[in-house]
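Novice: Sharing a structure here in structure tokens format.
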Amino acid sequence: MNPLSDDKPTPLKRRCVSVCQYRSCERSGSAAVLAAFREANLPGVLISASDCMGQCASGPTVRVTPDNVWYCRVKPEDVGAIATQHLQQDEPVERLLHSRFHPRFDVAD
């Protein structure tokens, strides 16, 4: 058996996913988002409930460290995209990025 074979899944990079569980985020469904992350079974990724992250108008808020990527208005159905695209493929999910931390500038040609 070839130890460099592609048959083995690539281990996930060690990360922490923090899901805000404070008042505003909680009212917007953050408990379901946290549960969806926990159900995703992501080895090497710590899933953590968080106190207020100071982004109350943009909740539920999710922060991925050490990448320092912030997601806003996350719904349980978004967790699969974050798990696959960001946590497995190292590519943040652009449509969910919090614009306060990840501004986008459109440059006209």
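Here, A, B, ... name the chains of the structure tokens in the order displayed, residue numbers run from 1 inside each chain, and ligands are numbered from 1 in the same displayed order.
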Excluding segment 43-56 of chain A and residues on its chain fewer than 4 positions from it, collect all residues at most 9 Å away from it, counting only C-alpha atoms, and give them as an MDAnalysis selection string.

Specialist: chainID A and resid 11:25 31 34 37:38 60:63 72 87

Novice: Any chance you could export the current selection's C-alpha atoms as a short mmCIF file (atom, residue, chain, number, x, y, z; two decimals), in the first residue's frame?

Specialist:
```
data_model
loop_
_atom_site.label_atom_id
_atom_site.label_comp_id
_atom_site.auth_asym_id
_atom_site.auth_seq_id
_atom_site.Cartn_x
_atom_site.Cartn_y
_atom_site.Cartn_z
CA PRO A 11 -6.71 15.75 7.80
CA LEU A 12 -8.28 19.10 8.57
CA LYS A 13 -6.10 21.99 9.65
CA ARG A 14 -6.50 22.70 13.37
CA ARG A 15 -9.03 25.49 13.80
CA CYS A 16 -11.55 26.82 16.25
CA VAL A 17 -15.04 27.76 15.11
CA SER A 18 -16.72 30.12 17.59
CA VAL A 19 -20.47 30.64 17.30
CA CYS A 20 -21.92 33.57 19.22
CA GLN A 21 -24.62 32.53 21.70
CA TYR A 22 -25.40 35.96 23.11
CA ARG A 23 -28.84 37.59 23.04
CA SER A 24 -29.13 39.00 19.51
CA CYS A 25 -27.45 36.05 17.86
CA ALA A 31 -28.18 27.69 18.79
CA LEU A 34 -23.89 25.77 16.78
CA PHE A 37 -21.42 22.66 13.37
CA ARG A 38 -21.29 20.07 16.15
CA PRO A 60 -25.58 34.85 14.05
CA THR A 61 -21.85 35.54 13.97
CA VAL A 62 -19.24 32.82 13.41
CA ARG A 63 -15.48 33.35 13.72
CA CYS A 72 -22.32 36.97 9.52
CA LEU A 87 -12.51 24.08 6.73
#
```

Novice: Based on the backbone DSSP call, show me all residues of segment 7-97 of chain A assigned helix (DSSP H, G or I), as a PyMOL selection string.

Specialist: chain A and resi 23-27+30-39+56-58+76-88+94-96

Novice: So that I have them on file, write out the residues from the current selection with C-alpha atoms, as a PDB file, in the first residue's frame.

Specialist:
```
ATOM      1  CA  ARG A  23     -28.840  37.595  23.042  1.00  0.00           C
ATOM      2  CA  SER A  24     -29.128  39.002  19.512  1.00  0.00           C
ATOM      3  CA  CYS A  25     -27.450  36.051  17.858  1.00  0.00           C
ATOM      4  CA  GLU A  26     -29.447  33.630  19.968  1.00  0.00           C
ATOM      5  CA  ARG A  27     -32.708  35.310  18.877  1.00  0.00           C
ATOM      6  CA  SER A  30     -27.395  30.776  16.672  1.00  0.00           C
ATOM      7  CA  ALA A  31     -28.179  27.694  18.795  1.00  0.00           C
ATOM      8  CA  ALA A  32     -29.200  25.831  15.633  1.00  0.00           C
ATOM      9  CA  VAL A  33     -26.014  27.029  13.882  1.00  0.00           C
ATOM     10  CA  LEU A  34     -23.892  25.769  16.776  1.00  0.00           C
ATOM     11  CA  ALA A  35     -25.728  22.417  16.715  1.00  0.00           C
ATOM     12  CA  ALA A  36     -25.181  22.096  12.954  1.00  0.00           C
ATOM     13  CA  PHE A  37     -21.425  22.659  13.367  1.00  0.00           C
ATOM     14  CA  ARG A  38     -21.287  20.074  16.150  1.00  0.00           C
ATOM     15  CA  GLU A  39     -23.189  17.563  14.011  1.00  0.00           C
ATOM     16  CA  CYS A  56     -25.118  42.098  17.349  1.00  0.00           C
ATOM     17  CA  ALA A  57     -26.758  43.528  14.230  1.00  0.00           C
ATOM     18  CA  SER A  58     -25.101  40.901  12.023  1.00  0.00           C
ATOM     19  CA  PRO A  76     -27.778  26.169   9.802  1.00  0.00           C
ATOM     20  CA  GLU A  77     -27.976  25.438   6.071  1.00  0.00           C
ATOM     21  CA  ASP A  78     -24.755  27.496   5.557  1.00  0.00           C
ATOM     22  CA  VAL A  79     -22.711  25.227   7.834  1.00  0.00           C
ATOM     23  CA  GLY A  80     -22.120  22.627   5.107  1.00  0.00           C
ATOM     24  CA  ALA A  81     -20.577  25.237   2.803  1.00  0.00           C
ATOM     25  CA  ILE A  82     -18.319  26.565   5.571  1.00  0.00           C
ATOM     26  CA  ALA A  83     -17.312  23.022   6.574  1.00  0.00           C
ATOM     27  CA  THR A  84     -16.523  21.918   3.032  1.00  0.00           C
ATOM     28  CA  GLN A  85     -15.255  25.048   1.324  1.00  0.00           C
ATOM     29  CA  HIS A  86     -13.444  26.753   4.206  1.00  0.00           C
ATOM     30  CA  LEU A  87     -12.509  24.084   6.728  1.00  0.00           C
ATOM     31  CA  GLN A  88     -11.670  21.340   4.206  1.00  0.00           C
ATOM     32  CA  GLU A  94     -17.331  34.771   0.255  1.00  0.00           C
ATOM     33  CA  ARG A  95     -21.113  35.259   0.316  1.00  0.00           C
ATOM     34  CA  LEU A  96     -21.095  34.914   4.125  1.00  0.00           C
TER      35      LEU A  96
END
```

Novice: Can you work out which one of A:Ser28, A:Arg73, A:Asn68, A:Ala40 has the shortest atom-to-atom distance to His102 of chain A, counting only C-alpha atoms?

Specialist: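 Of the candidates, the smallest distance to His102 of chain A is held by A:Asn68.
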